[in-house]
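Peer 1: Dropping in coords-v1.csv, with CSV, C-alpha atoms and all ligand atoms.
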chain,number,residue,atom,x,y,z
A,1,MET,CA,-4.2,6.1,-4.2
A,2,LYS,CA,-4.7,4.1,-1.0
A,3,LYS,CA,-7.9,4.5,0.9
A,4,LYS,CA,-7.7,6.2,4.2
A,5,VAL,CA,-8.0,4.9,7.8
A,6,LEU,CA,-8.2,6.9,11.0
A,7,SER,CA,-8.6,5.8,14.6
A,8,GLY,CA,-7.3,6.5,18.1
A,9,ALA,CA,-7.4,5.6,21.8
A,10,GLN,CA,-7.7,7.9,24.8
A,11,PRO,CA,-4.8,8.1,27.2
A,12,SER,CA,-7.3,7.8,30.0
A,13,GLY,CA,-5.8,4.6,31.5
A,14,ASN,CA,-3.6,1.7,30.4
A,15,ILE,CA,-4.8,0.0,27.2
A,16,THR,CA,-7.0,-2.9,27.9
A,17,ILE,CA,-7.5,-6.2,26.1
A,18,GLY,CA,-10.9,-4.7,25.1
A,19,ASN,CA,-9.2,-1.7,23.3
A,20,TYR,CA,-6.7,-4.1,21.7
A,21,ILE,CA,-9.3,-6.6,20.5
A,22,GLY,CA,-11.9,-4.0,19.4
A,23,ALA,CA,-9.6,-1.6,17.7
A,24,ILE,CA,-5.8,-1.8,17.9
A,25,LYS,CA,-5.6,-5.4,16.4
A,26,ASN,CA,-7.3,-4.0,13.4
A,27,TYR,CA,-5.0,-1.0,13.2
A,28,VAL,CA,-2.2,-3.5,12.5
A,29,ALA,CA,-4.3,-5.6,10.1
A,30,LEU,CA,-5.2,-2.6,7.9
A,31,GLN,CA,-1.8,-0.8,7.7
A,32,ASP,CA,-0.5,-2.6,4.7
A,33,ASP,CA,-3.4,-1.8,2.5
A,34,TYR,CA,-4.5,1.6,3.7
A,35,ASP,CA,-3.0,5.1,4.4
A,36,CYS,CA,-3.4,5.0,8.2
A,37,ASN,CA,-3.5,7.7,10.8
A,38,TYR,CA,-3.4,6.4,14.4
A,39,MET,CA,-3.7,9.1,17.1
A,40,VAL,CA,-3.4,9.2,20.8
A,41,VAL,CA,-6.6,11.2,21.4
A,42,ASP,CA,-5.5,13.4,24.3
A,43,LEU,CA,-8.0,16.1,23.6
A,44,HIS,CA,-10.7,13.5,24.1
A,45,ALA,CA,-9.2,12.3,27.3
A,46,ILE,CA,-9.5,15.7,28.9
A,47,THR,CA,-13.3,15.6,28.6
A,48,VAL,CA,-13.0,14.0,32.1
A,49,SER,CA,-10.5,15.5,34.6
A,50,GLN,CA,-7.0,14.2,34.1
A,51,ASP,CA,-4.0,14.6,36.4
A,52,PRO,CA,-1.3,16.3,34.2
A,53,ALA,CA,1.5,13.9,35.2
A,54,ASP,CA,-0.7,10.9,34.6
A,55,LEU,CA,-1.8,12.3,31.2
A,56,ARG,CA,1.8,12.8,30.1
A,57,GLU,CA,2.8,9.3,31.2
A,58,ARG,CA,-0.2,7.6,29.6
A,59,SER,CA,0.1,9.5,26.4
A,60,GLU,CA,3.6,8.1,25.8
A,61,SER,CA,2.4,4.7,27.1
A,62,VAL,CA,-0.4,4.5,24.6
A,63,ALA,CA,1.8,5.6,21.7
A,64,ALA,CA,4.4,3.0,22.7
A,65,MET,CA,1.7,0.4,23.0
A,66,TYR,CA,0.5,0.9,19.4
A,67,ILE,CA,4.1,0.1,18.3
A,68,ALA,CA,4.5,-2.8,20.6
A,69,ALA,CA,1.2,-4.2,19.3
A,70,GLY,CA,2.5,-4.0,15.7
A,71,VAL,CA,1.7,-0.6,14.3
A,72,ASP,CA,4.7,0.3,12.2
A,73,PRO,CA,5.6,4.0,12.3
A,74,THR,CA,7.2,3.7,8.9
A,75,LYS,CA,3.9,2.7,7.4
A,76,SER,CA,1.3,4.4,9.7
A,77,LYS,CA,1.3,7.9,11.1
A,78,ILE,CA,1.3,7.8,14.9
A,79,TYR,CA,0.8,11.1,16.6
A,80,MET,CA,-0.8,13.1,19.4
A,81,GLN,CA,-4.2,14.6,18.5
A,82,SER,CA,-3.2,17.8,20.2
A,83,HIS,CA,-0.1,18.2,18.0
A,84,VAL,CA,-2.4,18.8,15.1
A,85,PRO,CA,-4.4,21.8,16.1
A,86,GLU,CA,-6.6,21.5,13.1
A,87,HIS,CA,-8.6,18.8,15.0
A,88,ALA,CA,-9.7,21.4,17.5
A,89,GLU,CA,-10.7,23.9,14.8
A,90,LEU,CA,-12.7,21.5,12.7
A,91,GLY,CA,-14.1,20.1,16.0
A,92,TRP,CA,-15.6,23.6,16.7
A,93,ILE,CA,-17.1,23.7,13.2
A,94,MET,CA,-18.6,20.2,13.7
A,95,THR,CA,-20.0,21.3,17.0
A,96,THR,CA,-21.9,24.1,15.3
A,97,LEU,CA,-23.4,21.6,12.9
A,98,ALA,CA,-24.6,19.2,15.6
A,99,SER,CA,-27.9,19.6,17.5
A,100,MET,CA,-28.4,19.3,21.2
A,101,GLY,CA,-30.9,16.5,20.6
A,102,GLU,CA,-28.4,14.4,18.6
A,103,LEU,CA,-25.7,14.8,21.2
A,104,GLU,CA,-28.2,14.0,24.0
A,105,ARG,CA,-29.0,10.7,22.4
A,106,MET,CA,-25.4,9.4,22.5
A,107,THR,CA,-25.3,6.4,24.8
A,108,GLN,CA,-21.7,6.9,25.8
A,109,PHE,CA,-22.5,10.4,27.0
A,110,LYS,CA,-25.5,9.0,29.0
A,111,ASP,CA,-23.3,6.3,30.5
A,112,LYS,CA,-20.4,8.6,31.4
A,113,SER,CA,-22.6,11.4,32.8
A,114,ALA,CA,-24.9,9.1,34.8
A,115,GLY,CA,-25.0,9.9,38.5
A,116,LYS,CA,-22.5,12.8,38.1
A,117,GLU,CA,-23.3,16.1,39.8
A,118,THR,CA,-21.4,18.2,37.3
A,119,ILE,CA,-21.1,17.2,33.7
A,120,GLY,CA,-18.4,18.9,31.6
A,121,ALA,CA,-19.5,20.5,28.3
A,122,GLY,CA,-16.6,18.8,26.6
A,123,LEU,CA,-18.0,15.4,27.4
A,124,PHE,CA,-21.3,16.5,25.7
A,125,VAL,CA,-19.7,17.7,22.5
A,126,TYR,CA,-17.0,15.0,22.4
A,127,PRO,CA,-18.7,13.2,19.4
A,128,ALA,CA,-18.4,16.4,17.3
A,129,LEU,CA,-14.6,16.4,17.9
A,130,MET,CA,-14.5,12.7,17.0
A,131,ALA,CA,-16.4,13.5,13.7
A,132,ALA,CA,-13.8,16.2,13.0
A,133,ASP,CA,-10.9,13.7,13.6
A,134,ILE,CA,-12.3,11.4,11.0
A,135,LEU,CA,-13.4,14.0,8.4
A,136,LEU,CA,-10.2,16.0,8.6
A,137,TYR,CA,-8.5,13.3,6.5
A,138,ASN,CA,-11.6,12.2,4.6
A,139,ALA,CA,-11.1,8.7,6.2
A,140,ASP,CA,-12.9,5.9,4.4
A,141,LEU,CA,-12.6,3.4,7.3
A,142,VAL,CA,-12.5,3.7,11.0
A,143,PRO,CA,-11.4,0.6,13.0
A,144,VAL,CA,-13.3,0.8,16.3
A,145,GLY,CA,-15.1,-1.3,18.9
A,146,ASP,CA,-18.9,-1.6,18.9
A,147,ASP,CA,-19.3,1.2,21.5
A,148,GLN,CA,-18.2,3.8,18.9
A,149,LYS,CA,-20.7,2.7,16.2
A,150,GLN,CA,-23.2,5.4,17.2
A,151,HIS,CA,-20.5,8.1,17.1
A,152,LEU,CA,-19.7,7.0,13.6
A,153,GLU,CA,-23.3,7.3,12.5
A,154,LEU,CA,-23.3,10.8,13.9
A,155,THR,CA,-20.1,11.5,11.9
A,156,ARG,CA,-21.8,10.4,8.8
A,157,ASP,CA,-24.8,12.7,9.6
A,158,LEU,CA,-22.6,15.7,10.2
A,159,ALA,CA,-20.7,15.1,7.0
A,160,THR,CA,-23.9,14.8,5.1
A,161,ARG,CA,-25.2,18.0,6.7
A,162,PHE,CA,-22.0,19.9,5.8
A,163,ASN,CA,-22.1,18.5,2.2
A,164,SER,CA,-25.7,19.6,1.6
A,165,ARG,CA,-25.1,23.1,3.0
A,166,TYR,CA,-21.7,23.9,1.6
A,167,GLY,CA,-21.2,21.5,-1.3
A,168,GLU,CA,-20.1,17.9,-1.6
A,169,TYR,CA,-16.8,17.7,0.2
A,170,PHE,CA,-16.6,15.1,3.0
A,171,THR,CA,-16.3,11.3,2.4
A,172,LEU,CA,-18.9,9.3,4.5
A,173,PRO,CA,-16.7,7.0,6.7
A,174,GLU,CA,-17.5,3.3,7.4
A,175,PRO,CA,-16.9,1.7,10.8
A,176,PHE,CA,-14.6,-1.4,10.8
A,177,ILE,CA,-15.7,-3.6,13.7
A,178,PRO,CA,-14.4,-7.1,14.5
A,179,LYS,CA,-17.0,-9.9,14.2
A,180,VAL,CA,-15.9,-11.5,17.5
A,181,GLY,CA,-14.9,-9.3,20.4
A,182,ALA,CA,-16.6,-6.1,19.2
A,183,ARG,CA,-17.5,-5.3,22.8
A,184,VAL,CA,-15.4,-7.1,25.3
A,185,MET,CA,-17.3,-7.1,28.6
A,186,ALA,CA,-16.1,-6.4,32.1
A,187,LEU,CA,-14.7,-9.5,33.9
A,188,ASP,CA,-16.7,-8.8,37.1
A,189,ASP,CA,-19.9,-8.0,35.2
A,190,PRO,CA,-20.5,-9.3,31.7
A,191,MET,CA,-23.4,-6.9,31.2
A,192,VAL,CA,-21.1,-3.9,31.3
A,193,LYS,CA,-18.3,-3.0,28.8
A,194,MET,CA,-14.7,-3.4,29.9
A,195,SER,CA,-13.2,0.1,30.3
A,196,LYS,CA,-9.7,1.2,31.1
A,197,SER,CA,-10.9,4.0,33.4
A,198,SER,CA,-13.2,1.7,35.5
A,199,PRO,CA,-12.5,2.3,39.2
A,200,ASN,CA,-12.5,-1.5,39.7
A,201,ALA,CA,-9.2,-2.9,38.4
A,202,GLY,CA,-10.6,-6.4,38.6
A,203,SER,CA,-13.0,-5.6,35.8
A,204,TYR,CA,-10.3,-5.3,33.1
A,205,ILE,CA,-7.0,-6.7,32.0
A,206,THR,CA,-4.5,-4.2,30.7
A,207,LEU,CA,-1.7,-5.0,28.3
A,208,LEU,CA,0.7,-3.9,31.0
A,209,ASP,CA,-0.7,-6.2,33.8
A,210,ASP,CA,1.7,-8.6,35.4
A,211,PRO,CA,1.2,-12.2,34.3
A,212,LYS,CA,0.4,-13.3,37.8
A,213,LEU,CA,-2.3,-10.6,38.1
A,214,ILE,CA,-3.8,-11.7,34.7
A,215,ARG,CA,-4.1,-15.3,36.0
A,216,LYS,CA,-5.8,-14.0,39.1
A,217,LYS,CA,-8.2,-11.7,37.3
A,218,ILE,CA,-9.2,-14.5,34.9
A,219,SER,CA,-9.7,-17.0,37.7
A,220,ARG,CA,-12.0,-14.6,39.4
A,221,ALA,CA,-14.0,-13.6,36.3
A,222,THR,CA,-17.7,-14.0,36.7
A,223,THR,CA,-19.1,-17.0,34.9
A,224,ASP,CA,-22.6,-18.3,34.6
A,225,SER,CA,-24.6,-21.2,36.1
A,226,GLY,CA,-24.2,-24.5,34.3
A,227,GLY,CA,-20.7,-25.6,33.6
A,228,ALA,CA,-20.6,-26.1,29.8
A,229,VAL,CA,-18.2,-24.0,27.7
A,230,ARG,CA,-20.7,-22.9,25.1
A,231,PHE,CA,-21.0,-19.6,23.2
A,232,ASP,CA,-24.4,-18.1,24.1
A,233,PRO,CA,-24.2,-14.4,24.9
A,234,ALA,CA,-27.9,-14.2,25.9
A,235,GLU,CA,-27.9,-17.1,28.3
A,236,LYS,CA,-24.2,-17.4,29.2
A,237,PRO,CA,-22.8,-13.9,29.0
A,238,GLY,CA,-19.8,-14.5,31.3
A,239,ILE,CA,-18.4,-17.6,29.6
A,240,SER,CA,-19.2,-16.2,26.1
A,241,ASN,CA,-17.2,-13.1,26.9
A,242,LEU,CA,-14.2,-15.2,27.9
A,243,MET,CA,-14.6,-17.4,24.8
A,244,ALA,CA,-14.5,-14.3,22.6
A,245,ILE,CA,-11.2,-13.2,24.3
A,246,TYR,CA,-9.8,-16.7,23.9
A,247,SER,CA,-10.8,-16.7,20.2
A,248,GLN,CA,-9.1,-13.3,19.6
A,249,PHE,CA,-5.8,-14.3,21.2
A,250,SER,CA,-5.6,-17.9,20.0
A,251,GLY,CA,-7.0,-17.6,16.5
A,252,LEU,CA,-9.4,-20.5,17.2
A,253,THR,CA,-13.0,-20.0,16.1
A,254,LEU,CA,-15.7,-20.1,18.8
A,255,ALA,CA,-16.8,-23.5,17.4
A,256,GLU,CA,-13.3,-24.9,17.7
A,257,ILE,CA,-13.1,-23.6,21.3
A,258,GLU,CA,-16.5,-25.3,22.2
A,259,LYS,CA,-15.2,-28.6,20.7
A,260,LYS,CA,-11.8,-28.3,22.5
A,261,TYR,CA,-13.5,-27.8,25.9
A,262,GLU,CA,-16.4,-30.3,25.5
A,263,GLY,CA,-17.0,-32.0,28.8
A,264,GLU,CA,-14.5,-29.7,30.6
A,265,MET,CA,-15.2,-27.5,33.5
A,266,TYR,CA,-15.0,-23.7,33.6
A,267,GLY,CA,-11.8,-24.0,35.8
A,268,THR,CA,-9.8,-25.8,33.1
A,269,PHE,CA,-11.0,-23.4,30.4
A,270,LYS,CA,-10.1,-20.4,32.5
A,271,LYS,CA,-6.6,-21.7,33.4
A,272,GLU,CA,-5.8,-22.3,29.7
A,273,LEU,CA,-7.3,-18.9,28.7
A,274,ALA,CA,-5.0,-17.2,31.2
A,275,GLU,CA,-2.0,-18.9,29.5
A,276,VAL,CA,-3.2,-17.9,26.0
A,277,VAL,CA,-3.5,-14.2,27.2
A,278,VAL,CA,-0.2,-14.3,29.0
A,279,GLY,CA,1.5,-15.9,26.0
A,280,PHE,CA,0.5,-13.0,23.9
A,281,ILE,CA,1.1,-10.3,26.5
A,282,GLU,CA,4.6,-11.3,27.7
A,283,PRO,CA,6.5,-10.7,24.4
A,284,LEU,CA,4.4,-7.6,23.8
A,285,GLN,CA,5.4,-6.1,27.1
A,286,GLN,CA,9.1,-6.8,26.2
A,287,ARG,CA,8.6,-4.8,23.0
A,288,TYR,CA,6.8,-2.1,24.9
A,289,HIS,CA,9.7,-1.6,27.4
A,290,ASP,CA,12.2,-1.7,24.5
A,291,ILE,CA,10.4,1.2,22.8
A,292,ARG,CA,10.0,3.2,25.9
A,293,GLN,CA,13.8,2.8,26.7
A,294,SER,CA,14.9,3.5,23.1
A,295,GLY,CA,14.1,7.2,23.3
A,296,GLU,CA,12.7,7.1,19.8
A,297,LEU,CA,9.1,7.9,20.7
A,298,THR,CA,9.4,11.7,20.6
A,299,SER,CA,10.7,11.8,17.1
A,300,ILE,CA,8.2,9.2,15.9
A,301,LEU,CA,5.4,11.4,17.3
A,302,ALA,CA,6.9,14.5,15.8
A,303,GLN,CA,7.2,12.9,12.3
A,304,GLY,CA,3.7,11.5,12.5
A,305,ALA,CA,2.2,14.9,13.4
A,306,GLU,CA,4.2,16.7,10.7
A,307,ARG,CA,2.9,14.3,8.0
A,308,ALA,CA,-0.7,14.5,9.4
A,309,ARG,CA,-0.6,18.3,9.6
A,310,GLU,CA,0.1,18.8,5.9
A,311,GLU,CA,-3.1,17.0,5.0
A,312,ALA,CA,-5.1,18.5,7.9
A,313,ALA,CA,-4.1,22.1,6.9
A,314,LYS,CA,-5.2,21.5,3.3
A,315,THR,CA,-8.6,20.2,4.5
A,316,LEU,CA,-9.2,23.2,6.8
A,317,LYS,CA,-8.2,25.7,4.1
A,318,GLU,CA,-10.8,24.2,1.8
A,319,VAL,CA,-13.5,23.9,4.5
A,320,ARG,CA,-13.0,27.6,5.5
A,321,HIS,CA,-13.3,28.6,1.9
A,322,LEU,CA,-16.5,26.6,1.4
A,323,MET,CA,-18.0,28.1,4.5
A,324,GLY,CA,-17.3,31.6,3.6
A,325,PHE,CA,-14.4,32.5,6.0
A,326,LEU,CA,-12.1,35.2,4.6
A,327,PRO,CA,-8.7,33.8,3.4
A,328,ARG,CA,-5.8,34.4,5.8
B,401,LIG,N1,-14.6,-3.2,25.9
B,401,LIG,C1,-14.3,-3.0,24.6
B,401,LIG,N2,-14.4,-3.9,23.7
B,401,LIG,C2,-14.1,-3.7,22.4
B,401,LIG,N3,-13.6,-2.5,22.0
B,401,LIG,C3,-13.4,-1.5,22.9
B,401,LIG,N4,-13.0,-0.2,22.8
B,401,LIG,C4,-13.1,0.3,24.0
B,401,LIG,N5,-13.6,-0.5,24.9
B,401,LIG,C5,-13.8,-1.7,24.2
B,401,LIG,C6,-12.4,0.4,21.6
B,401,LIG,O1,-11.1,0.8,21.9
B,401,LIG,C7,-10.8,2.0,21.2
B,401,LIG,C8,-10.2,3.0,22.0
B,401,LIG,O2,-11.2,3.4,23.0
B,401,LIG,P1,-11.1,4.9,23.6
B,401,LIG,O3,-9.9,5.0,24.3
B,401,LIG,O4,-11.2,5.9,22.5
B,401,LIG,O5,-12.3,5.1,24.5
B,401,LIG,P2,-13.5,4.2,25.0
B,401,LIG,O6,-14.2,3.6,23.8
B,401,LIG,O7,-14.3,5.0,25.9
B,401,LIG,O8,-12.7,3.0,25.7
B,401,LIG,P3,-12.6,2.8,27.3
B,401,LIG,O9,-11.5,1.7,27.5
B,401,LIG,O10,-13.9,2.5,27.8
B,401,LIG,O11,-12.0,4.1,27.8
B,401,LIG,P4,-12.5,5.1,28.9
B,401,LIG,O12,-12.6,4.2,30.2
B,401,LIG,O13,-11.6,6.2,29.1
B,401,LIG,O14,-13.9,5.5,28.5
B,401,LIG,C9,-12.2,2.4,20.5
B,401,LIG,O15,-12.2,2.1,19.2
B,401,LIG,C10,-13.2,1.7,21.3
B,401,LIG,O16,-14.3,1.4,20.5
Is it possible to give me this structure as structure tokens?
Ligand code: AQP

Peer 2:
Amino acid sequence: MKKKVLSGAQPSGNITIGNYIGAIKNYVALQDDYDCNYMVVDLHAITVSQDPADLRERSESVAAMYIAAGVDPTKSKIYMQSHVPEHAELGWIMTTLASMGELERMTQFKDKSAGKETIGAGLFVYPALMAADILLYNADLVPVGDDQKQHLELTRDLATRFNSRYGEYFTLPEPFIPKVGARVMALDDPMVKMSKSSPNAGSYITLLDDPKLIRKKISRATTDSGGAVRFDPAEKPGISNLMAIYSQFSGLTLAEIEKKYEGEMYGTFKKELAEVVVGFIEPLQQRYHDIRQSGELTSILAQGAERAREEAAKTLKEVRHLMGFLPR
């Protein structure tokens, strides 16, 4: 039997090159060898307020983007998290296993709640729902960016806690994080992660950005003092971030990029980086629009959810039994 993979992205904005490099590229790479579930995690997205019309549009957009990026719905299950209600039920169970202290230590919660007057309880318990997403299918591997590593560790802790209280049941999942581009940084501030919901559109590149806009955003990206194109995240975080992006879209190693741009100025490097990114994104956007216009998305999502639900329902039945719930 194939090992299992689970991952997802929130429909909280348009998919960025950070989401693609950190996670979605690996969704595609793993789908031939693993039994893969790729969700659009709409229940996660509502942990911050979402306009209903935007949520609907982005949900379809993220699903279409998975396919445009190369996720094959005949191999992988693509579905909406909310179409498999077992996620919410196991999410509640995981919430009861998590402690306040553990959840308070989550850096993503700290970042997202910083400076806010009101903080939704959903944002606080989000990592318990993420643990449920993964454990519901006993996933072995979770392709994610570096920002999700801490949530993965919590998932393993919650699984271990469940197993020791109720009997060995859950598989402890491993994160699958790219070596280069694990945390793509914001274009305007290389000390901050690139995020699709950032209020500053100049900080990110989305896979739906117009080529002209991509060129402009890259030309304005923050670089460091000293002109050499050299990978040194501590001393030269701006150019190092751009080099990681170049590497992921061109297939060149960081050393090859350094060699190629030896003696060149940042300007030349940035111009060519923009063409590398645009060269990848233009055909992807064509595929994306074809999928949106084909009208096939609804049935792809329905089939994905149906296949996922079979397995999810089985897990939940066993979990309820182990915990002492009366059979239905
Ligand atoms: N900057 C990034 N570099 C590398 N990987 C990243 N990921 C996110 N940002 C980067 C990875 O993309 C996947 C989907 O992310 P998500 O939608 O579940 O939520 P997120 O991690 O909170 O991503 P964003 O873009 O920052 O969304 P918002 O703005 O809504 O919070 C995950 O695997 C993530 O690691």

Peer 1: Could you report the residues within 9 Å of ligand LIG 401 (chain B), using all atoms listed in the file, as JSON, numbers by chain?

Peer 2: {"A": [7, 8, 9, 10, 11, 12, 13, 14, 15, 16, 17, 18, 19, 20, 21, 22, 23, 24, 40, 41, 44, 45, 48, 108, 112, 142, 143, 144, 145, 146, 147, 148, 149, 177, 178, 181, 182, 183, 184, 185, 186, 192, 193, 194, 195, 196, 197, 198, 204]}

Peer 1: Applying 8 Å and only C-alpha atoms, which residues near segment 216-219 of chain A remain after dropping the ones on its own chain fewer than 3 positions away? List them as a count of residues only.

Peer 2: 12

Peer 1: Hey, what's within 9 Å of segment 317-324 of chain A if we count only C-alpha atoms and toss same-chain stuff fewer than 6 positions away? As an MDAnalysis selection string, please?

Peer 2: chainID A and resid 90 165:167 169

Peer 1: Got a sec to check which residues sit within 10 Å of (-21.6, 7.7, 15.8), counting all atoms listed in the file, and write them as a list in words?

Peer 2: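 Counting all atoms listed in the file, I find these residues within 10 Å of (-21.6, 7.7, 15.8): Glu102, Leu103, Met106, Thr107, Pro127, Ala128, Met130, Ala131, Asp147, Gln148, Lys149, Gln150, His151, Leu152, Glu153, Leu154, Thr155, Arg156, Asp157, Leu158 and Pro175 of chain A.
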
Peer 1: Provide the atom CA of Lys25 of chain A to atom CA of Phe249 of chain A distance in Å, to one decimal place.

Peer 2: 10.1 Å

Peer 1: Quick one, how far is atom CA of Thr223 of chain A from atom CA of Ile239 of chain A?

Peer 2: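 It comes out at 5.4 Å.
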
Peer 1: Under the rule that all atoms listed in the file are counted, which of A:Val277, A:Asp210, A:Ser225, A:Ala132 is the nearest residue to Gly251 of chain A?

Peer 2: A:Val277

Peer 1: Please provide the set of residues having any atom within 8 Å of Ala305 of chain A, restricted to all atoms listed in the file, with same-chain residues fewer than 4 positions apart removed, written as an NGL selection string.

Peer 2: :A and (77-80 or 83-84 or 301 or 309)

Peer 1: Hey, which of A:Met191, A:Lys110, A:Val180, A:Leu97 ends up closest to Met243 of chain A? Count all atoms listed in the file.

Peer 2: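 That would be A:Val180, the residue with the smallest distance to Met243 of chain A.
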
Peer 1: Rounded to one decimal place, report the atom CA of Ser299 of chain A-atom CA of Asp42 of chain A distance in Å.

Peer 2: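 Separating atom CA of Ser299 of chain A from atom CA of Asp42 of chain A is a distance of 17.8 Å.
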
Peer 1: For Ala313 of chain A, work out the shell of residues within 10 Å, counting all atoms listed in the file and skipping chain neighbours fewer than 6 positions away, then give it as a list of chain:residue names.

Peer 2: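 So, after excluding close chain neighbours, the residues are A:Val84, A:Pro85, A:Glu86, A:His87, A:Leu136, A:Tyr137, A:Val319.
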
Peer 1: Excluding Asp33 of chain A and its own-chain neighbours fewer than 5 positions away, which residues fall within 10 Å of it when counting all atoms listed in the file? Please give them as JSON, numbers by chain.

Peer 2: {"A": [2, 3, 4, 5, 75]}
